[in-house]
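A.B. asks: Got a structure for you, written out below as structure tokens; questions coming shortly.
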Amino acid sequence: MAWTSEQILALAPDASSAKSGKDLASPRKWVSFGRDEKTAWGECQGSGKDPYQTRIELAEPAFKCSCPSRKFPCKHSLGLFLLLAEQPKLFKPGDAPPWVQEWLASRQQRAEKKAAKQEAVAAQGDDPEAQARRAAEQEKRAAKRQKNVLAGLDDLERWLRDCVRQGLATLNAQPYSFYEGPAARLVDAQAPGLARMVRDLAGVPSSGEGWQGRMLERLGLIHLLAEACRRLDALPAEVQADVRARVGWTVSQEDLSAQEGLRDRWMVLGQRVTEEEKLRVQRSWLWGCGTNRAALLLNFAAPGQALDVTLAAGTTLDAELVFYPSAFPLRALINTRYGEARGAEDAPGFESVAEAASAYAKALAAHPWLEEFPVLLRAARPEGGDGAWRVRDSSGAWMPLASPRGEGWRLLALSGGAPLSIFGEWNGERLLPLGARAEGRYVRTDA
Amino acid sequence: MIAQTAWEELLRIALLGTERQNAGLPAPAGRLGETLAVLKASDREGAVLSASAAVALYLRAGRLPQRASVEERSADATLGAKDLPRIGPRSAGHLALMLAGTHLEVLPEWLAACTAAGKRVPEERLPALLDLGGEQDALRKAIRKVLGLRGQWLAQQNEAWHWAITEAAVDEKGFLLAWQTAGTAQRLGFVFGLREKNPALARAAVQSTWKEDSAEERASALELFETGLSMNDEPFLEECLDDRRKEIRQAALGLLLRLPDSRLRARAVQRVRPLLAVKGLLKKVLEVAPPSACGQEMQRDGIETKGAAGVKMGEKAFLLLQVLGQVPPSFWSKTLQQPPATLLKWAAATDWEAALRLGWTAAASAFRDSEWIEALMDASPLKEEKLTAHTPETLAAALTPESFARIFRQKLKENGGRLAGKKGGEGLAGLLQGSPRPWTAALAREVLKALKLETQGETHWGLAAVLRVFPRAIPAEVLAEALEGWPVEGKYWNDWKESVDELLSVVQFRHDMLKAINES
């Protein structure tokens, strides 16, 4: 796949890296550069005596640079990559110099080591004694955490009941610390998911008219989650998984990848990056062109680190996904990729607003704590104007559209008044559009 | 009891707080009621919370989509109509970067290149571009040309974008009807679009509402008459000279001066003809007879009796200056049969030097007379020139790029190929700042060569101005050369590096964007 400048700039860990990268995307800055089928490399004259050696493995892409920057990818990697995208003819195909080959060899070695380790773990798994020992250790840890969480739930329940006893009308006068206190205790009790739900309540009183209803709904759902967590053993396995995930238990990726996957041509319909407690979280929505089901891939990056860049909105990957256990499986991992990503495909999606609404009802019945429901509407028209956007299907049924960054006008421009495919996140009230496909062309609609 | 009522009841209980009341839980009919009935009434707070979760989920899952009535449906666009081809993805990326604020200053060049390539911008960038045009009037003309049919359609959907609409109804009657109901911004769009194709209809439309429209509106419309201007507009413009508002009179005056056959031009020539004469046989002198008073007809033609504050000039001199400014300076070279340089030399020997020089300068600049501009730029500086905006630098802007290049290269040669002045002065930098753009390729190459030479030496404030100008002034074909050949090994390069690099990033961007524009 050919990378565009926009995609490459999206890899930048922050705005200043992007700017420096752009400035370095000029042949004058480079002492030498070259490429072969899978790699590109260059030497960049910095302030030091020796030029920095920058190398890029194009498929993944992976970066390595000899500069001392702790940012990743560094400005040299970005600059070289941009230069390659913008002026590919400058890069004469040739044999990789030794410093590139060494890096590729060490990458190869690491990959082999990792595979070997996985094999060893798998092999160990066959040993019944070791297996039993590990299981016992795990159980002990789990029991301790369970106890911690249950103690945290007692505190939480007291707090929830106090809110209802004293009345919600007083909540808009409460300071931030009113929510931060119980949230912090939940973090201590190893229930970070619940903690986030409580912390998010702080914004509700200032969310405009009708906040009291939204507050009560959220308090009810937190209570429901706490109750479910207490009676975990009585619930079906999938619901248990959802409750544990929402409370804050994580599932080991190794356990997951051992499960059976689902292979399809997965179209990346939209991407959104949010900030959560200093972490950047990238949400990538995929839609199976054959299976007509959605998947959500989450990717986390610490400050200064790059997000996963191999998933570009508007591309399709042939891959096997493994879904996290859930009563409404949505979150997934890529287990195996088959070949490079291709251009956009026509994912099926929902034929009508009614179909989407009924699918949402089913999803909610299975997973009451579902926050964003992916909706791909096949033939919808955006309508409205500033402040009141909606998408309407051919029957006249419509859903309200969120347009925080001019999405409404952008969609209207793409439609030209005719129906188009719109993808977005439905939160039960508004559809936040992330991408659209019109006249055979996929376009991100969020910026 | 339906679920919505149950929810409202629960919300009422929760708002007041359970400690202030003793109401029982709502009991809706059906499955929802059965679910709520299981809750323990003794745990009042717990029961309210559990019931809230159940009822909220019930409502959320059961919400049916709303339906729009048929009348509310929007009219279909004229899709399928043949629109201009969309620019390629790389160009789209360049446009997105500029709209996000990077290198926004080269957007006009990009818009022109896009127009020349016969393409339109991608749909998803239309809103941002239309918003930008709404903020910056100067960009509107260029933006209207890259919108395509889709952009025209979109502009109709948002009142704030009506300025961009250039296509109105198909026939004349329909157009004049549309004109009546259109807002100011939209009317200006109509005039803009129509002046190229049917200037008479645009004029008729403007005239049809002339009496009701505000002076500001009328003046803005008149300014657009520049496109498609012809003698057909002359009678109307001549009438405008009698308008009560000065902005209308001035707009009309500017246009009439550009029409060589206008009655205004004839009157202006009539007026100046008797003012200058060459006398003497052996030693020739210029005889000057300045106008003695400003009659009504002169005032109607825009001649003023009082200058702006700060003009230190007698009344007669000021009248002379103004009437000269309304006549192409070539009139004098022909009538008096002398080249500009000679006339300027003779003018210096009269009592009216300042008025003559400034009048000719204004005329040379307004009528873009290269021969006169060159002569004026060569003439020794005049103290009073500080009184008007017409310094040699602004005169240069009225030259064609070719004439400017010729003059500048001559001056560069005289200065030993150096841009900087002696003893660190500004040198030729100031002249380049006011230069007509883009430069000719030959001039760009010489300036670059000189710059690359200068950057081998110490940094120099006089050159900063040149450095700022060149990235946008050099023509497309020289961009690639501008990126190479800088004295990076030079002793002083580290002092130059940062500023040069910053400017070259503009050059690089222009280079990339112009190259990409023809890609599909």
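The chains in the structure tokens are called A, B, ... from first to last as shown; in each chain the residues are counted from 1, and the ligands are counted from 1 in the order shown.
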Per residue of chain A within 6 Å of chain B, record the nearest atom pair and its distance in Å to one decimal, counting only C-alpha atoms, with rows in chain order and ascending residue number, as CSV.

C.D. replies:
```
residue,atom,partner,partner_atom,distance
A:Arg161,CA,B:Glu45,CA,5.3
A:Val164,CA,B:Gly17,CA,5.4
A:Arg165,CA,B:Thr18,CA,4.5
A:Gln166,CA,B:Gly17,CA,4.6
A:Gly167,CA,B:Gly17,CA,3.4
A:Leu168,CA,B:Leu15,CA,4.5
A:Ala169,CA,B:Leu15,CA,5.0
A:Glu217,CA,B:Ala56,CA,6.0
A:Gly220,CA,B:Ala53,CA,4.2
A:Leu221,CA,B:Ala53,CA,5.2
A:Ala361,CA,B:Ala61,CA,4.2
A:Gly396,CA,B:Ala68,CA,5.1
A:Ala397,CA,B:Arg67,CA,4.1
A:Trp398,CA,B:Gln66,CA,5.7
A:Arg410,CA,B:Glu124,CA,5.1
A:Ala413,CA,B:Glu123,CA,5.3
A:Leu414,CA,B:Glu123,CA,5.2
A:Gly416,CA,B:Ala77,CA,5.7
A:Gly417,CA,B:Ala77,CA,4.8
```

A.B. asks: Would you list the contacts of stretch 175-187 of chain A as a PyMOL selection string, taking every protein, DNA or RNA residue within 7 Å and counting only C-alpha atoms, but skipping same-chain residues closer than 4 positions in sequence?

C.D. replies: chain A and resi 152+156+191-192+194-196+198-199+202

A.B. asks: Where does DSSP see alpha helix (DSSP H) in stretch 144-293 of chain B, if you list the residues as JSON, numbers by chain?

C.D. replies: {"B": [144, 148, 149, 150, 151, 152, 153, 154, 155, 156, 172, 173, 174, 175, 176, 177, 178, 179, 180, 181, 184, 185, 186, 187, 188, 189, 190, 191, 192, 193, 194, 195, 196, 197, 199, 200, 201, 202, 203, 204, 205, 206, 207, 208, 215, 216, 217, 218, 219, 220, 221, 222, 223, 234, 235, 236, 237, 238, 239, 240, 246, 247, 248, 249, 250, 251, 252, 253, 254, 255, 256, 257, 263, 264, 265, 266, 267, 268, 269, 270, 271, 272]}

A.B. asks: Give me the residues near stretch 278-292 of chain A as a PyMOL selection string, where near means some atom within 10 Å (using only C-alpha atoms) and where sequence neighbours in that chain fewer than 2 positions away do not count.

C.D. replies: chain A and resi 13+262-276+294-309+311-319+330-332+345-350+374-376+423-425+434

A.B. asks: Given the selection you just returned, output its residues as a file containing C-alpha atoms, formatted as a short mmCIF file (atom, residue, chain, number, x, y, z; two decimals), in the first residue's frame.

C.D. replies:
```cif
data_model
loop_
_atom_site.label_atom_id
_atom_site.label_comp_id
_atom_site.auth_asym_id
_atom_site.auth_seq_id
_atom_site.Cartn_x
_atom_site.Cartn_y
_atom_site.Cartn_z
CA PRO A 13 3.51 11.29 18.45
CA LEU A 262 -13.07 -15.10 12.27
CA ARG A 263 -11.54 -14.45 8.90
CA ASP A 264 -13.09 -11.87 6.62
CA ARG A 265 -12.26 -8.84 4.53
CA TRP A 266 -12.44 -6.18 7.24
CA MET A 267 -13.00 -2.65 6.06
CA VAL A 268 -11.69 0.06 8.42
CA LEU A 269 -14.68 2.40 8.50
CA GLY A 270 -13.58 4.96 11.00
CA GLN A 271 -11.02 5.92 13.56
CA ARG A 272 -11.15 8.13 16.57
CA VAL A 273 -8.46 9.05 19.06
CA THR A 274 -9.42 10.06 22.58
CA GLU A 275 -7.36 10.92 25.64
CA GLU A 276 -7.86 8.84 28.72
CA ALA A 294 -18.61 -4.96 13.24
CA ALA A 295 -15.44 -5.12 15.31
CA LEU A 296 -13.66 -2.58 17.48
CA LEU A 297 -9.88 -2.53 17.82
CA LEU A 298 -8.40 -0.51 20.64
CA ASN A 299 -4.85 0.71 20.65
CA PHE A 300 -3.19 2.57 23.49
CA ALA A 301 -0.17 4.86 23.38
CA ALA A 302 1.72 6.50 26.21
CA PRO A 303 2.78 10.15 25.70
CA GLY A 304 5.48 10.41 23.06
CA GLN A 305 4.65 7.02 21.62
CA ALA A 306 3.01 6.36 18.27
CA LEU A 307 -0.36 4.74 17.88
CA ASP A 308 -0.82 1.72 15.70
CA VAL A 309 -0.56 3.07 12.21
CA LEU A 311 -4.86 0.45 10.33
CA ALA A 312 -5.75 3.27 8.01
CA ALA A 313 -9.36 4.35 7.66
CA GLY A 314 -10.61 3.57 4.18
CA THR A 315 -8.56 0.40 3.71
CA THR A 316 -9.62 -3.22 3.82
CA LEU A 317 -7.62 -6.02 5.37
CA ASP A 318 -7.95 -9.71 4.85
CA ALA A 319 -7.45 -10.90 8.42
CA LEU A 330 -17.40 -6.18 19.50
CA ARG A 331 -13.90 -5.62 20.80
CA ALA A 332 -11.38 -7.73 18.94
CA GLU A 345 -14.68 -2.09 -0.20
CA ASP A 346 -18.41 -1.88 -0.11
CA ALA A 347 -19.32 -3.20 3.35
CA PRO A 348 -22.98 -4.25 3.59
CA GLY A 349 -24.20 -2.49 6.77
CA PHE A 350 -27.82 -1.70 7.58
CA PRO A 374 -21.40 0.99 15.37
CA VAL A 375 -23.87 1.92 12.66
CA LEU A 376 -23.21 1.67 8.94
CA PHE A 423 -20.64 5.13 9.24
CA GLY A 424 -20.69 6.39 12.80
CA GLU A 425 -20.94 5.69 16.50
CA LEU A 434 -16.66 9.00 11.29
#
```

A.B. asks: Can you work out the spacing between atom CA of A:Lys89 and atom CA of A:Ala25 in Å, to one decimal?

C.D. replies: 13.8 Å

A.B. asks: Can you work out which one of B:Gly228, B:Gly101, B:Pro291, B:Pro108 has the shortest atom-to-atom distance to B:Lys316, counting only C-alpha atoms?

C.D. replies: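 For B:Lys316, the nearest of the candidates is B:Pro291.
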
A.B. asks: May I have the residues within 8 Å of B:Ala429 as JSON, numbers by chain, using only C-alpha atoms and disregarding those fewer than 4 positions away in the same chain?

C.D. replies: {"B": [419, 420, 433, 462, 463, 465, 466]}

A.B. asks: Got time to write the residues from that selection, N, CA, C and O atoms, as a compact mmCIF listing (two decimals), in the first residue's frame?

C.D. replies:
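For reference, selection14.txt as written:
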```
# COMPACT_ATOMS: atom_id res chain seq x y z
N LEU B 419 23.36 42.08 -3.66
CA LEU B 419 22.04 42.56 -3.30
C LEU B 419 22.13 43.58 -2.17
O LEU B 419 21.38 44.54 -2.10
N ALA B 420 23.07 43.30 -1.27
CA ALA B 420 23.22 44.17 -0.11
C ALA B 420 23.83 45.49 -0.53
O ALA B 420 24.59 45.56 -1.49
N GLN B 433 11.05 43.95 -2.78
CA GLN B 433 9.84 43.78 -1.99
C GLN B 433 8.60 44.24 -2.73
O GLN B 433 7.54 43.66 -2.61
N GLY B 462 19.86 43.62 5.84
CA GLY B 462 19.28 44.08 4.59
C GLY B 462 18.77 42.94 3.73
O GLY B 462 17.85 43.09 2.93
N LEU B 463 19.36 41.77 3.92
CA LEU B 463 18.96 40.63 3.09
C LEU B 463 17.73 39.91 3.62
O LEU B 463 17.09 39.16 2.90
N ALA B 465 14.88 40.95 4.15
CA ALA B 465 13.70 41.28 3.35
C ALA B 465 13.66 40.47 2.06
O ALA B 465 12.62 39.93 1.69
N VAL B 466 14.80 40.35 1.40
CA VAL B 466 14.85 39.59 0.15
C VAL B 466 14.51 38.13 0.42
O VAL B 466 13.76 37.49 -0.32
```
